[in-house]
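**Student:** Below is the file my_file.csv, which contains CSV, N, CA and C atoms.
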chain,number,residue,atom,x,y,z
A,1,MET,N,-41.4,55.6,1.2
A,1,MET,CA,-40.0,56.0,1.0
A,1,MET,C,-39.4,55.2,-0.2
A,2,SER,N,-39.9,54.0,-0.5
A,2,SER,CA,-39.3,53.2,-1.5
A,2,SER,C,-39.5,53.9,-2.9
A,3,ALA,N,-40.5,54.6,-3.1
A,3,ALA,CA,-40.7,55.3,-4.4
A,3,ALA,C,-39.6,56.4,-4.5
A,4,TYR,N,-39.3,57.0,-3.5
A,4,TYR,CA,-38.2,58.0,-3.5
A,4,TYR,C,-36.9,57.4,-3.9
A,5,VAL,N,-36.6,56.2,-3.3
A,5,VAL,CA,-35.3,55.5,-3.6
A,5,VAL,C,-35.2,55.1,-5.1
A,6,VAL,N,-36.3,54.6,-5.6
A,6,VAL,CA,-36.4,54.2,-7.0
A,6,VAL,C,-36.2,55.4,-7.9
A,7,PHE,N,-36.9,56.5,-7.6
A,7,PHE,CA,-36.8,57.7,-8.4
A,7,PHE,C,-35.4,58.3,-8.3
A,8,LYS,N,-34.8,58.3,-7.2
A,8,LYS,CA,-33.4,58.8,-7.1
A,8,LYS,C,-32.4,58.0,-7.9
A,9,ALA,N,-32.6,56.7,-7.9
A,9,ALA,CA,-31.7,55.8,-8.7
A,9,ALA,C,-31.9,56.1,-10.1
A,10,GLY,N,-33.2,56.2,-10.6
A,10,GLY,CA,-33.4,56.6,-12.0
A,10,GLY,C,-32.8,57.9,-12.3
A,11,LEU,N,-33.0,58.9,-11.5
A,11,LEU,CA,-32.4,60.2,-11.7
A,11,LEU,C,-30.9,60.2,-11.9
A,12,ASN,N,-30.3,59.4,-11.0
A,12,ASN,CA,-28.8,59.3,-11.1
A,12,ASN,C,-28.4,58.6,-12.4
A,13,GLY,N,-29.1,57.6,-12.8
A,13,GLY,CA,-28.8,57.0,-14.1
A,13,GLY,C,-29.0,57.9,-15.3
A,14,TYR,N,-30.1,58.7,-15.2
A,14,TYR,CA,-30.4,59.7,-16.3
A,14,TYR,C,-29.3,60.8,-16.3
A,15,THR,N,-28.9,61.2,-15.2
A,15,THR,CA,-27.8,62.2,-15.1
A,15,THR,C,-26.6,61.7,-15.8
A,16,ARG,N,-26.2,60.4,-15.6
A,16,ARG,CA,-25.1,59.8,-16.3
A,16,ARG,C,-25.3,59.8,-17.8
A,17,ILE,N,-26.5,59.4,-18.3
A,17,ILE,CA,-26.8,59.4,-19.7
A,17,ILE,C,-26.6,60.8,-20.3
A,18,ILE,N,-27.2,61.8,-19.7
A,18,ILE,CA,-27.2,63.1,-20.2
A,18,ILE,C,-25.7,63.7,-20.2
A,19,ALA,N,-25.0,63.3,-19.2
A,19,ALA,CA,-23.6,63.8,-19.1
A,19,ALA,C,-22.7,63.2,-20.2
A,20,LYS,N,-23.0,61.9,-20.6
A,20,LYS,CA,-22.2,61.3,-21.7
A,20,LYS,C,-22.7,61.8,-23.0
A,21,LYS,N,-24.0,62.1,-23.1
A,21,LYS,CA,-24.5,62.5,-24.4
A,21,LYS,C,-24.1,63.9,-24.7
A,22,HIS,N,-24.0,64.8,-23.7
A,22,HIS,CA,-23.6,66.2,-23.9
A,22,HIS,C,-22.4,66.5,-23.1
A,23,PRO,N,-21.2,66.1,-23.6
A,23,PRO,CA,-20.0,66.4,-22.8
A,23,PRO,C,-19.6,67.9,-22.7
A,24,GLU,N,-20.2,68.7,-23.5
A,24,GLU,CA,-20.0,70.1,-23.5
A,24,GLU,C,-20.7,70.8,-22.4
A,25,ILE,N,-21.6,70.1,-21.7
A,25,ILE,CA,-22.4,70.6,-20.6
A,25,ILE,C,-22.1,69.9,-19.3
A,26,ARG,N,-21.9,70.7,-18.3
A,26,ARG,CA,-21.6,70.1,-17.0
A,26,ARG,C,-22.9,69.6,-16.4
A,27,VAL,N,-23.0,68.3,-16.1
A,27,VAL,CA,-24.2,67.7,-15.6
A,27,VAL,C,-23.9,67.0,-14.2
A,28,ASN,N,-24.6,67.3,-13.2
A,28,ASN,CA,-24.3,66.8,-11.9
A,28,ASN,C,-25.5,66.3,-11.2
A,29,ALA,N,-25.4,65.4,-10.3
A,29,ALA,CA,-26.4,64.9,-9.4
A,29,ALA,C,-25.8,64.9,-8.0
A,30,VAL,N,-26.7,65.2,-7.0
A,30,VAL,CA,-26.2,65.2,-5.6
A,30,VAL,C,-27.0,64.2,-4.8
A,31,CYS,N,-26.3,63.4,-4.0
A,31,CYS,CA,-27.0,62.5,-3.1
A,31,CYS,C,-26.5,62.9,-1.7
A,32,PRO,N,-27.2,63.7,-1.0
A,32,PRO,CA,-26.7,64.2,0.3
A,32,PRO,C,-26.7,63.2,1.4
A,33,GLY,N,-27.4,62.1,1.2
A,33,GLY,CA,-27.5,61.1,2.3
A,33,GLY,C,-28.8,61.1,3.0
A,34,PHE,N,-28.9,60.4,4.1
A,34,PHE,CA,-30.2,60.2,4.8
A,34,PHE,C,-30.3,61.4,5.8
A,35,VAL,N,-31.0,62.5,5.3
A,35,VAL,CA,-31.0,63.7,6.1
A,35,VAL,C,-32.3,63.8,6.9
A,36,LYS,N,-32.3,64.3,8.1
A,36,LYS,CA,-33.4,64.5,8.9
A,36,LYS,C,-34.3,65.5,8.3
A,37,THR,N,-35.4,65.1,7.7
A,37,THR,CA,-36.4,66.1,7.1
A,37,THR,C,-37.8,65.7,7.5
A,38,ASP,N,-38.7,66.6,7.1
A,38,ASP,CA,-40.1,66.3,7.4
A,38,ASP,C,-40.6,65.0,6.6
A,39,MET,N,-40.0,64.8,5.4
A,39,MET,CA,-40.4,63.7,4.5
A,39,MET,C,-40.2,62.4,5.2
A,40,ASN,N,-39.1,62.2,6.0
A,40,ASN,CA,-38.9,61.0,6.7
A,40,ASN,C,-39.1,61.1,8.2
A,41,HIS,N,-39.9,62.1,8.6
A,41,HIS,CA,-40.3,62.2,10.0
A,41,HIS,C,-39.1,62.4,10.9
A,42,LYS,N,-38.1,63.1,10.4
A,42,LYS,CA,-36.8,63.4,11.1
A,42,LYS,C,-36.1,62.2,11.6
A,43,THR,N,-36.2,61.1,10.8
A,43,THR,CA,-35.5,59.8,11.2
A,43,THR,C,-34.1,59.7,10.6
A,44,GLY,N,-33.7,60.7,9.8
A,44,GLY,CA,-32.4,60.6,9.1
A,44,GLY,C,-31.2,60.7,10.1
A,45,VAL,N,-30.1,60.4,9.6
A,45,VAL,CA,-28.9,60.4,10.4
A,45,VAL,C,-28.1,61.7,10.3
A,46,LEU,N,-28.3,62.5,9.3
A,46,LEU,CA,-27.6,63.7,9.1
A,46,LEU,C,-28.5,64.9,9.3
A,47,SER,N,-28.0,66.0,9.9
A,47,SER,CA,-28.7,67.2,10.1
A,47,SER,C,-28.9,67.8,8.7
A,48,VAL,N,-29.8,68.8,8.6
A,48,VAL,CA,-30.1,69.5,7.4
A,48,VAL,C,-28.8,70.2,7.0
A,49,GLU,N,-28.0,70.8,7.9
A,49,GLU,CA,-26.8,71.4,7.6
A,49,GLU,C,-25.8,70.5,7.0
A,50,GLU,N,-25.7,69.3,7.6
A,50,GLU,CA,-24.7,68.3,7.1
A,50,GLU,C,-25.2,67.8,5.6
A,51,GLY,N,-26.5,67.7,5.4
A,51,GLY,CA,-27.0,67.3,4.1
A,51,GLY,C,-26.7,68.4,3.1
A,52,ALA,N,-26.8,69.6,3.5
A,52,ALA,CA,-26.6,70.7,2.6
A,52,ALA,C,-25.1,70.9,2.2
A,53,SER,N,-24.2,70.3,2.9
A,53,SER,CA,-22.8,70.5,2.6
A,53,SER,C,-22.5,69.8,1.2
A,54,SER,N,-23.2,68.8,0.8
A,54,SER,CA,-22.9,68.1,-0.5
A,54,SER,C,-23.2,69.0,-1.7
A,55,PRO,N,-24.4,69.6,-1.8
A,55,PRO,CA,-24.6,70.5,-2.9
A,55,PRO,C,-23.8,71.7,-2.9
A,56,VAL,N,-23.5,72.2,-1.7
A,56,VAL,CA,-22.7,73.4,-1.6
A,56,VAL,C,-21.2,73.1,-2.1
A,57,ARG,N,-20.7,72.0,-1.6
A,57,ARG,CA,-19.4,71.6,-2.1
A,57,ARG,C,-19.3,71.4,-3.6
A,58,LEU,N,-20.3,70.8,-4.2
A,58,LEU,CA,-20.3,70.6,-5.6
A,58,LEU,C,-20.4,71.9,-6.3
A,59,ALA,N,-21.2,72.9,-5.8
A,59,ALA,CA,-21.3,74.2,-6.4
A,59,ALA,C,-20.0,75.0,-6.4
A,60,LEU,N,-19.2,74.7,-5.4
A,60,LEU,CA,-17.9,75.4,-5.2
A,60,LEU,C,-16.7,74.8,-6.0
A,61,LEU,N,-16.9,73.6,-6.5
A,61,LEU,CA,-15.8,72.9,-7.3
A,61,LEU,C,-15.6,73.7,-8.6
A,62,SER,N,-14.3,73.7,-9.0
A,62,SER,CA,-14.0,74.4,-10.3
A,62,SER,C,-14.5,73.5,-11.4
A,63,HIS,N,-14.6,74.1,-12.6
A,63,HIS,CA,-15.0,73.4,-13.8
A,63,HIS,C,-14.1,72.2,-14.0
A,64,GLN,N,-12.8,72.3,-13.8
A,64,GLN,CA,-11.8,71.3,-14.0
A,64,GLN,C,-12.0,70.1,-13.1
A,65,GLU,N,-12.4,70.4,-11.9
A,65,GLU,CA,-12.7,69.4,-10.8
A,65,GLU,C,-13.9,68.5,-11.1
A,66,THR,N,-14.8,69.0,-11.9
A,66,THR,CA,-16.1,68.3,-12.2
A,66,THR,C,-16.1,67.7,-13.6
A,67,LEU,N,-15.0,67.5,-14.3
A,67,LEU,CA,-15.0,67.0,-15.6
A,67,LEU,C,-15.2,65.5,-15.7
A,68,SER,N,-15.0,64.8,-14.6
A,68,SER,CA,-15.2,63.4,-14.7
A,68,SER,C,-16.3,63.0,-13.6
A,69,VAL,N,-16.7,61.7,-13.7
A,69,VAL,CA,-17.7,61.3,-12.8
A,69,VAL,C,-17.0,61.0,-11.4
A,70,CYS,N,-17.6,61.5,-10.4
A,70,CYS,CA,-17.0,61.3,-9.0
A,70,CYS,C,-18.2,61.2,-8.0
A,71,PHE,N,-17.9,60.6,-6.9
A,71,PHE,CA,-18.9,60.4,-5.9
A,71,PHE,C,-18.2,60.7,-4.6
A,72,PHE,N,-18.8,61.5,-3.8
A,72,PHE,CA,-18.3,61.8,-2.5
A,72,PHE,C,-19.1,61.2,-1.4
A,73,ASP,N,-18.5,60.4,-0.5
A,73,ASP,CA,-19.2,59.8,0.6
A,73,ASP,C,-18.7,60.5,1.8
A,74,ARG,N,-19.5,61.3,2.4
A,74,ARG,CA,-19.1,62.0,3.6
A,74,ARG,C,-17.8,62.8,3.5
A,75,LYS,N,-17.7,63.5,2.4
A,75,LYS,CA,-16.6,64.4,2.1
A,75,LYS,C,-15.4,63.7,1.6
A,76,GLN,N,-15.4,62.3,1.4
A,76,GLN,CA,-14.3,61.6,0.9
A,76,GLN,C,-14.7,61.2,-0.6
A,77,LEU,N,-13.7,61.3,-1.5
A,77,LEU,CA,-13.9,60.9,-2.9
A,77,LEU,C,-14.0,59.3,-2.9
A,78,SER,N,-15.0,58.8,-3.5
A,78,SER,CA,-15.3,57.4,-3.5
A,78,SER,C,-15.5,56.9,-5.0
A,79,GLU,N,-15.4,55.6,-5.2
A,79,GLU,CA,-15.6,55.0,-6.5
A,79,GLU,C,-17.1,55.2,-6.8
A,80,PHE,N,-17.4,55.4,-8.1
A,80,PHE,CA,-18.8,55.5,-8.6
A,80,PHE,C,-19.2,54.2,-9.3
Could you take the file, read its structure, and then write that structure out as structure tokens?
**Tutor:**
Amino acid sequence: MSAYVVFKAGLNGYTRIIAKKHPEIRVNAVCPGFVKTDMNHKTGVLSVEEGASSPVRLALLSHQETLSVCFFDRKQLSEF
């Protein structure tokens, strides 16, 4: 699992770099949380449905709502 954590951190950093380099393109990353999946032998704390709510919410935001960097922690806007 540690390889996944390192990869996800790198992907989040790369997402920020691309977003700053190309402000004309909307660039997003989603961190749904520790979801019960086959990859972690169903040991996560969130159901698949709960984990899916993050990418669905992001997809439904308007263009104006996604112009700045934001982080949602369990549906609450948090500092990034």
**Student:** Just give me the gap between atom C of Pro32 in chain A and atom N of Ala9 in chain A in Å, one decimal is fine.
**Tutor:**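 If I compute the distance from atom C of Pro32 in chain A to atom N of Ala9 in chain A, I get 12.8 Å.
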**Student:** Output as a ChimeraX atom specification all residues of chain A that backbone DSSP marks as helix (DSSP H, G or I).
**Tutor:** /A:2-21,38-40,48-60,64-66
**Student:** When DSSP works through the backbone of this structure, what residues of chain A end up as strand (DSSP E), shown as number ranges by chain?
**Tutor:** A: 71-73, 76-78
**Student:** Give the answer as one residue: which of A:His63, A:Arg16, A:Lys36, A:Lys21 has the shortest atom-to-atom distance to Glu50 in chain A, using only C-alpha atoms?
**Tutor:**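 So, comparing all the options, the nearest one is A:Lys36.
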**Student:** Between CA of Met39 in chain A and CA of Val27 in chain A, what distance in Å does the model show, to one decimal?
**Tutor:**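 Between these atoms lies a distance of 26.1 Å.
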**Student:** Let me make sure I understand: among A:Leu61, A:Leu46, A:Val56, A:Ala29, which one has the smallest atom-to-atom distance to Thr15 in chain A if we use only N, CA and C atoms?
**Tutor:**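 Using only N, CA and C atoms, the shortest distance to Thr15 in chain A belongs to A:Ala29.
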**Student:** Pick from A:Gly33, A:Asn28, A:Pro23, A:Asp38: nearest to Ala52 in chain A, with only C-alpha atoms counted?
**Tutor:**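 So, comparing all the options, the nearest one is A:Gly33.
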**Student:** One decimal, Å: what's the distance from CA of Thr43 in chain A over to CA of Lys8 in chain A, could you say?
**Tutor:**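 Rounded to one decimal, the two atoms are 18.4 Å apart.
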**Student:** Nearest residue to Tyr4 in chain A out of A:Phe34, A:Val45, A:Ile17, A:Ala59, using only C-alpha atoms?
**Tutor:**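 Of all the options, A:Phe34 lies closest to Tyr4 in chain A.
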